[in-house]
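Visitor: As input, take protein.txt (compact mmCIF, C-alpha atoms and all ligand atoms):
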# COMPACT_ATOMS: atom_id res chain seq x y z
CA MET U 9 -4.82 76.60 -10.17
CA ALA U 10 -5.05 72.97 -11.12
CA THR U 11 -6.13 71.45 -14.42
CA LEU U 12 -8.33 68.40 -14.74
CA LEU U 13 -8.37 66.44 -18.00
CA HIS U 14 -11.80 64.78 -18.15
CA ILE U 15 -12.47 62.17 -20.82
CA ASP U 16 -15.77 60.35 -21.40
CA SER U 17 -16.20 57.58 -23.93
CA ALA U 18 -19.63 56.01 -23.36
CA LEU U 19 -21.81 55.76 -26.46
CA ASN U 20 -24.90 56.14 -24.30
CA ARG U 21 -25.38 59.83 -23.57
CA GLU U 22 -28.69 59.72 -21.69
CA ASN U 23 -28.39 56.96 -19.07
CA SER U 24 -24.69 56.34 -18.95
CA VAL U 25 -23.40 55.23 -15.58
CA SER U 26 -19.80 56.12 -16.34
CA ARG U 27 -20.82 59.62 -17.45
CA ALA U 28 -22.90 60.08 -14.30
CA VAL U 29 -20.07 58.89 -12.05
CA THR U 30 -17.44 61.04 -13.77
CA ALA U 31 -19.90 63.93 -13.31
CA SER U 32 -19.94 63.17 -9.56
CA PHE U 33 -16.16 63.33 -9.49
CA ARG U 34 -16.23 66.59 -11.37
CA GLN U 35 -18.85 68.12 -9.06
CA GLY U 36 -16.62 67.24 -6.11
CA TRP U 37 -13.58 68.68 -7.91
CA GLU U 38 -15.36 71.90 -8.91
CA ALA U 39 -16.91 72.39 -5.45
CA GLU U 40 -13.43 72.30 -3.95
CA HIS U 41 -11.69 74.14 -6.76
CA PRO U 42 -14.17 76.36 -8.64
CA ASP U 43 -11.40 78.38 -10.30
CA GLY U 44 -9.67 75.35 -11.74
CA THR U 45 -9.47 74.49 -15.40
CA VAL U 46 -11.27 71.49 -16.85
CA VAL U 47 -10.31 70.23 -20.30
CA TYR U 48 -13.11 67.99 -21.52
CA ARG U 49 -13.04 65.43 -24.30
CA ASP U 50 -16.06 63.39 -25.27
CA LEU U 51 -14.58 60.62 -27.40
CA ALA U 52 -18.00 59.21 -28.33
CA VAL U 53 -19.18 62.53 -29.76
CA ASN U 54 -15.84 63.73 -31.12
CA PRO U 55 -13.64 60.68 -31.58
CA VAL U 56 -9.99 61.19 -32.29
CA PRO U 57 -8.82 59.45 -35.46
CA HIS U 58 -7.05 56.14 -35.29
CA ILE U 59 -3.31 56.47 -35.16
CA ASP U 60 -2.31 55.83 -38.77
CA THR U 61 0.55 55.53 -41.25
CA VAL U 62 1.27 59.25 -40.93
CA SER U 63 0.64 60.12 -37.28
CA TYR U 64 2.52 57.14 -35.84
CA ALA U 65 5.80 58.73 -37.00
CA LEU U 66 5.54 61.69 -34.60
CA GLY U 67 9.06 62.77 -33.66
CA GLY U 68 10.63 60.74 -36.45
CA VAL U 69 10.56 63.33 -39.24
CA PRO U 70 12.59 66.55 -38.90
CA GLU U 71 10.37 69.62 -39.02
CA ASP U 72 11.90 70.99 -42.22
CA GLN U 73 11.23 67.70 -44.00
CA GLN U 74 7.56 67.35 -43.02
CA ASP U 75 4.88 67.59 -45.68
CA ASP U 76 1.48 69.18 -45.01
CA ALA U 77 -0.19 65.90 -44.04
CA GLN U 78 2.54 65.11 -41.52
CA ARG U 79 2.47 68.61 -40.06
CA ALA U 80 -1.30 68.41 -39.52
CA ALA U 81 -1.24 64.88 -38.10
CA PHE U 82 1.64 65.63 -35.74
CA ALA U 83 -0.02 68.83 -34.52
CA ALA U 84 -3.27 67.01 -33.76
CA ARG U 85 -1.39 64.31 -31.88
CA GLU U 86 0.74 66.87 -30.08
CA GLN U 87 -2.41 68.55 -28.76
CA LEU U 88 -3.61 65.30 -27.17
CA ILE U 89 -0.20 64.61 -25.65
CA GLN U 90 0.12 68.12 -24.24
CA GLU U 91 -3.36 67.94 -22.72
CA LEU U 92 -2.19 64.89 -20.81
CA GLU U 93 1.19 66.37 -19.91
CA GLN U 94 -0.35 69.60 -18.64
CA ALA U 95 -3.07 67.93 -16.56
CA ASP U 96 -2.70 67.85 -12.79
CA ALA U 97 -5.34 65.12 -12.61
CA VAL U 98 -7.00 62.87 -15.16
CA LEU U 99 -10.53 61.45 -15.09
CA ILE U 100 -11.60 58.80 -17.59
CA GLY U 101 -14.99 57.18 -18.17
CA ALA U 102 -14.31 53.74 -19.60
CA PRO U 103 -17.36 51.51 -20.13
CA LEU U 104 -16.78 47.83 -20.83
CA TYR U 105 -17.55 47.02 -24.46
CA ASN U 106 -17.15 43.47 -25.66
CA TYR U 107 -14.85 42.68 -22.75
CA THR U 108 -12.50 45.61 -23.25
CA ILE U 109 -12.35 49.39 -23.59
CA PRO U 110 -14.16 51.45 -26.27
CA SER U 111 -12.13 51.65 -29.47
CA THR U 112 -12.27 55.44 -29.20
CA LEU U 113 -10.42 55.32 -25.89
CA LYS U 114 -7.86 52.94 -27.37
CA ALA U 115 -7.30 55.44 -30.20
CA TRP U 116 -6.64 58.19 -27.62
CA ILE U 117 -4.20 55.96 -25.75
CA ASP U 118 -2.38 55.11 -28.99
CA HIS U 119 -1.86 58.83 -29.60
CA VAL U 120 -0.59 59.73 -26.13
CA ILE U 121 1.86 56.88 -25.62
CA VAL U 122 5.16 58.10 -27.04
CA VAL U 123 8.18 55.98 -26.15
CA GLY U 124 10.93 58.11 -24.60
CA ARG U 125 8.51 60.93 -23.80
CA THR U 126 5.26 59.97 -22.08
CA SER U 127 6.45 56.38 -21.80
CA ALA U 128 9.74 56.55 -19.92
CA GLY U 129 9.22 54.77 -16.62
CA ASP U 130 8.97 57.18 -13.71
CA GLN U 131 10.57 59.85 -15.94
CA GLY U 132 7.58 59.90 -18.29
CA THR U 133 6.27 63.41 -18.88
CA ALA U 134 2.93 62.61 -17.24
CA ALA U 135 4.25 60.15 -14.66
CA GLY U 136 2.69 60.46 -11.23
CA THR U 137 -0.46 62.25 -12.38
CA PRO U 138 -3.38 61.04 -10.27
CA THR U 139 -5.79 59.33 -12.63
CA THR U 140 -9.27 58.10 -11.84
CA VAL U 141 -10.90 55.57 -14.16
CA VAL U 142 -14.63 54.87 -13.95
CA ALA U 143 -14.94 51.40 -15.44
CA SER U 144 -18.67 50.72 -15.75
CA ARG U 145 -19.90 47.30 -16.88
CA GLY U 146 -23.20 45.60 -17.48
CA GLY U 147 -22.27 42.44 -15.63
CA SER U 148 -19.92 41.53 -12.83
CA TYR U 149 -16.39 40.26 -13.27
CA ALA U 150 -15.61 40.03 -9.58
CA ALA U 151 -13.76 37.08 -8.10
CA GLY U 152 -16.00 34.04 -7.87
CA THR U 153 -18.46 35.20 -10.56
CA PRO U 154 -18.94 33.21 -13.79
CA GLN U 155 -17.24 36.02 -15.76
CA GLU U 156 -14.17 36.24 -13.54
CA GLY U 157 -11.10 36.67 -15.76
CA ASN U 158 -13.03 37.98 -18.77
CA ASP U 159 -12.58 41.69 -18.06
CA PHE U 160 -9.78 42.87 -20.34
CA ALA U 161 -10.44 46.56 -19.67
CA VAL U 162 -9.17 47.12 -16.13
CA PRO U 163 -6.05 44.94 -16.52
CA TYR U 164 -5.24 46.65 -19.83
CA LEU U 165 -5.79 50.15 -18.43
CA LYS U 166 -3.69 49.35 -15.36
CA HIS U 167 -0.85 48.43 -17.67
CA ALA U 168 -1.25 51.14 -20.34
CA LEU U 169 -2.01 54.03 -17.98
CA GLY U 170 -0.22 52.84 -14.86
CA THR U 171 2.84 50.93 -16.03
CA VAL U 172 3.45 52.43 -19.48
CA LEU U 173 2.52 56.08 -18.80
CA GLY U 174 3.34 55.96 -15.09
CA LEU U 175 0.03 57.57 -14.09
CA GLU U 176 -1.14 56.94 -10.54
CA THR U 177 -4.32 55.09 -11.28
CA GLU U 178 -7.37 54.42 -9.16
CA PHE U 179 -10.34 52.48 -10.48
CA ILE U 180 -14.00 52.96 -9.58
CA VAL U 181 -16.08 50.08 -10.92
CA PRO U 182 -19.87 50.40 -11.01
CA GLU U 183 -21.02 46.96 -12.06
CA LEU U 184 -24.22 45.10 -12.98
CA THR U 185 -25.51 48.24 -14.70
CA LEU U 186 -27.76 46.13 -16.94
CA ALA U 187 -29.68 44.72 -13.96
CA ARG U 188 -32.62 47.06 -14.57
CA VAL U 189 -32.62 46.35 -18.30
CA VAL U 190 -32.13 42.59 -18.56
CA PRO U 191 -35.03 40.69 -16.97
CA ALA U 192 -32.82 37.73 -16.09
CA MET U 193 -30.74 40.09 -13.93
CA ALA U 194 -33.69 41.47 -11.93
CA GLU U 195 -32.59 39.82 -8.70
CA LEU U 196 -29.32 41.77 -8.94
CA ILE U 197 -30.97 45.21 -8.93
CA ASP U 198 -30.23 45.91 -5.27
CA THR U 199 -26.60 44.91 -5.70
CA ALA U 200 -26.37 47.08 -8.81
CA ASP U 201 -27.88 50.06 -7.00
CA ALA U 202 -25.43 49.61 -4.12
CA SER U 203 -22.54 49.43 -6.58
CA ALA U 204 -23.68 52.64 -8.30
CA ALA U 205 -24.15 54.47 -4.98
CA ALA U 206 -20.69 53.42 -3.80
CA ALA U 207 -19.21 54.54 -7.12
CA HIS U 208 -20.80 57.99 -6.90
CA GLU U 209 -19.62 58.45 -3.34
CA ALA U 210 -16.09 57.30 -4.14
CA ALA U 211 -15.94 59.57 -7.19
CA SER U 212 -17.24 62.63 -5.39
CA ASN U 213 -14.87 62.09 -2.47
CA ARG U 214 -11.91 61.56 -4.75
CA GLY U 215 -12.72 64.66 -6.81
CA ARG U 216 -12.85 66.75 -3.65
CA ALA U 217 -9.75 65.17 -2.14
CA LEU U 218 -7.63 65.59 -5.26
CA ALA U 219 -8.71 69.18 -5.81
CA GLY U 220 -7.95 69.96 -2.17
CA LYS U 221 -4.53 68.37 -2.46
CA LEU U 222 -3.57 69.81 -5.85
CA ALA U 223 -4.98 73.32 -5.32
CA PRO U 224 -4.88 73.90 -1.55
CA ALA U 225 -4.66 77.68 -1.99
CA SER U 226 -8.20 77.77 -3.38
CA VAL U 227 -9.74 76.24 -0.25
C1 LIG U 301 -21.28 47.80 -27.59
C2 LIG U 301 -21.49 47.33 -26.18
C3 LIG U 301 -20.80 46.24 -25.72
C4 LIG U 301 -20.96 45.80 -24.39
N1 LIG U 301 -20.23 44.75 -23.95
C5 LIG U 301 -20.31 44.39 -22.63
C6 LIG U 301 -19.50 43.36 -22.12
O1 LIG U 301 -18.68 42.77 -22.80
N2 LIG U 301 -19.63 43.03 -20.82
C7 LIG U 301 -20.50 43.68 -19.98
O2 LIG U 301 -20.56 43.37 -18.79
N3 LIG U 301 -21.30 44.68 -20.44
C8 LIG U 301 -21.20 45.04 -21.75
N4 LIG U 301 -21.96 46.08 -22.22
C9 LIG U 301 -22.80 46.82 -21.27
C10 LIG U 301 -22.06 48.04 -20.76
O3 LIG U 301 -20.80 47.71 -20.20
C11 LIG U 301 -22.90 48.72 -19.68
O4 LIG U 301 -24.13 49.14 -20.25
C12 LIG U 301 -22.18 49.90 -19.06
O5 LIG U 301 -22.99 50.47 -18.08
C13 LIG U 301 -21.80 50.90 -20.13
O6 LIG U 301 -21.33 52.10 -19.55
P1 LIG U 301 -22.28 53.37 -19.49
O7 LIG U 301 -23.40 53.05 -18.51
O8 LIG U 301 -21.41 54.45 -19.03
O9 LIG U 301 -22.84 53.62 -20.86
C14 LIG U 301 -21.85 46.49 -23.53
C15 LIG U 301 -22.55 47.60 -24.02
C16 LIG U 301 -22.38 48.00 -25.32
C17 LIG U 301 -23.14 49.21 -25.82
Show how you would write the structure in this file as structure tokens.
Guide:
Amino acid sequence: MATLLHIDSALNRENSVSRAVTASFRQGWEAEHPDGTVVYRDLAVNPVPHIDTVSYALGGVPEDQQDDAQRAAFAAREQLIQELEQADAVLIGAPLYNYTIPSTLKAWIDHVIVVGRTSAGDQGTAAGTPTTVVASRGGSYAAGTPQEGNDFAVPYLKHALGTVLGLETEFIVPELTLARVVPAMAELIDTADASAAAAHEAASNRGRALAGKLAPASV
């Protein structure tokens, strides 16, 4: 049995493209591996706290010297880290907000990066875990567009998840999601629809493929 850690972070809960595309991944995963475990975190509904003056010191205070606040903060952080360490695959919905990732997702990343444990090159405790990021955005940041170079989400996530945590990352990027909302973008609706369709297909295929690879006995 394989475990999928699924994280969504979009504020929009009704018409979110990243939520819909992560759902496509998950449908593919569950179709292939119905007996698998899915650990779900919705960071918009239940945000984790910012890493703070207490929780940052995880691992730095011997157990018999911890006070109640430290014990509670370390336990909460430990749960997030272990969810990542125990996952066979990770799925993250990461909408673009003000040119970067949601602050809730940054808070989660701050908790799970622990130097010498999860961050230890290819020896990191989650290194090699296949990780799919659905990076939705209202505009386009593709090469040759006016906003080229202004997406600080995908480059940051490639570094934090890929280089620092050693996860095997793949990005699915549905773009121009605001084309149906912003009148000035109306001529981009067809391109936006094609981007969304490609994202759903890629997500569904990847969910199926990863489940088939990680849990072949269930096929
Ligand atoms: C607070 C906020 C900030 C946003 N900032 C950007 C931005 O910098 N660039 C962009 O292209 N779209 C921006 N958008 C639009 C979202 O990226 C777009 O609606 C995307 O589809 C959000 O993901 P979702 O559909 O999963 O909710 C922003 C939306 C919100 C709510």
Visitor: Which residues are near range 175-180 of chain U? Cut-off 9 Å, all atoms listed in the file, ignore same chain within fewer than 6 positions. Put them as a PyMOL selection string.
Guide: chain U and resi 29+98+130+132+134-144+162+165-166+169+206-208+210-211
Visitor: Considering all atoms listed in the file, can you say which of U:Lys114, U:Arg49, U:Arg27, U:Arg79 comes closest to ligand LIG 301 (chain U)?
Guide: U:Arg27
Visitor: CA of Ala83 in chain U and CA of Leu19 in chain U are how many Å apart?
Guide: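 Distance reported for this atom pair: 26.7 Å.
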Visitor: Once you count all atoms listed in the file, which residues end up within 6 Å of ligand LIG 301 (chain U), and could you hand them over as JSON, numbers by chain?
Guide: {"U": [18, 20, 24, 25, 26, 27, 103, 104, 105, 106, 107, 144, 145, 146, 147, 185, 186]}
Visitor: From the list U:Glu22, U:Leu184, U:Thr108, U:Gln78, which residue is nearest Ile197 in chain U when using all atoms listed in the file?
Guide: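 Result for the nearest residue to Ile197 in chain U: U:Leu184.
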Visitor: Would you kindly return, as a ChimeraX atom specification, each protein, DNA or RNA residue with an atom no farther than 9 Å from any atom of Gln35 in chain U, considering all atoms listed in the file and excluding same-chain residues fewer than 6 positions away?
Guide: /U:212,215-216
Visitor: Mind giving me the straight-line distance from CA of Gln87 in chain U to CA of Val120 in chain U in Å, one decimal?
Guide: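 We find that CA of Gln87 in chain U and CA of Val120 in chain U lie 9.4 Å from each other.
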Visitor: List as a ChimeraX atom specification the protein and nucleic acid residues near His14 in chain U, meaning an atom at most 10 Å away when all atoms listed in the file are counted, but skip any in the same chain fewer than 5 places from it.
Guide: /U:30-31,33-34,46-50,92,95,97-101,139-140
Visitor: So that I can see what lies close to Glu40 in chain U, please list as a list of chain:residue names the residues with an atom at most 12 Å from it, counting all atoms listed in the file and leaving out residues fewer than 2 positions away in the same chain.
Guide: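 The residues satisfying every condition are U:Met9, U:Ala10, U:Phe33, U:Arg34, U:Gln35, U:Gly36, U:Trp37, U:Glu38, U:Pro42, U:Asp43, U:Gly44, U:Ser212, U:Asn213, U:Arg214, U:Gly215, U:Arg216, U:Ala217, U:Leu218, U:Ala219, U:Gly220, U:Lys221, U:Leu222, U:Ala223, U:Pro224, U:Ala225, U:Ser226, U:Val227.
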Visitor: What separation in Å, quoted to one decimal, exists between CA of Asp60 in chain U and CA of Ala81 in chain U?
Guide: 9.1 Å
Visitor: Around the point (2.2, 67.5, -35.5) in the file's coordinates, collect all residues with an atom within 10 Å, using only C-alpha atoms, and return them as a VMD selection string.
Guide: chain U and resid 62 to 63 65 to 67 71 74 76 to 87
Visitor: Store the residues of this selection in a file with C-alpha atoms, as a JSON list (two decimals), in the coordinates of the input.
Guide:
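This went into result_29.json:
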[["chain", "number", "residue", "atom", "x", "y", "z"],
["U", 62, "VAL", "CA", 1.27, 59.25, -40.93],
["U", 63, "SER", "CA", 0.64, 60.12, -37.28],
["U", 65, "ALA", "CA", 5.80, 58.73, -37.00],
["U", 66, "LEU", "CA", 5.54, 61.69, -34.60],
["U", 67, "GLY", "CA", 9.06, 62.77, -33.66],
["U", 71, "GLU", "CA", 10.37, 69.62, -39.02],
["U", 74, "GLN", "CA", 7.56, 67.35, -43.02],
["U", 76, "ASP", "CA", 1.48, 69.18, -45.01],
["U", 77, "ALA", "CA", -0.19, 65.90, -44.04],
["U", 78, "GLN", "CA", 2.54, 65.11, -41.52],
["U", 79, "ARG", "CA", 2.47, 68.61, -40.06],
["U", 80, "ALA", "CA", -1.30, 68.41, -39.52],
["U", 81, "ALA", "CA", -1.24, 64.88, -38.10],
["U", 82, "PHE", "CA", 1.64, 65.63, -35.74],
["U", 83, "ALA", "CA", -0.02, 68.83, -34.52],
["U", 84, "ALA", "CA", -3.27, 67.01, -33.76],
["U", 85, "ARG", "CA", -1.39, 64.31, -31.88],
["U", 86, "GLU", "CA", 0.74, 66.87, -30.08],
["U", 87, "GLN", "CA", -2.41, 68.55, -28.76]]
Visitor: Quick one: of U:Gln155, U:Ser127, U:Ser17, U:Ser32, who's nearest to Glu209 in chain U, counting all atoms listed in the file?
Guide: U:Ser32
Visitor: Nearest to Met193 in chain U: which of U:Thr171, U:Ser148, U:Val181, U:His58 is it, counting only C-alpha atoms?
Guide: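 Going through U:Thr171, U:Ser148, U:Val181, U:His58 one by one, the smallest distance to Met193 in chain U is for U:Ser148.
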Visitor: With all atoms listed in the file as the basis for distance, which of U:Gln73, U:His119, U:Leu173, U:Pro154 is at the shortest distance from Gln131 in chain U?
Guide: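 Ranked by minimum distance to Gln131 in chain U, first place goes to U:Leu173.
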Visitor: Of the candidates U:Leu88, U:Thr153, U:Ala194, U:Ser203, which one gets nearest to Ala115 in chain U if we count only C-alpha atoms?
Guide: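 So, comparing all the options, the nearest one is U:Leu88.
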Visitor: If you take every atom of range 50-53 of chain U that the file lists and fit an axis-aligned box around them with 8 Å extra on each side, what centre and edge lengths come out in Å to one decimal, as JSON?
Guide:
{"center_x": -16.9, "center_y": 61.3, "center_z": -27.5, "size_x": 20.6, "size_y": 20.2, "size_z": 20.5}
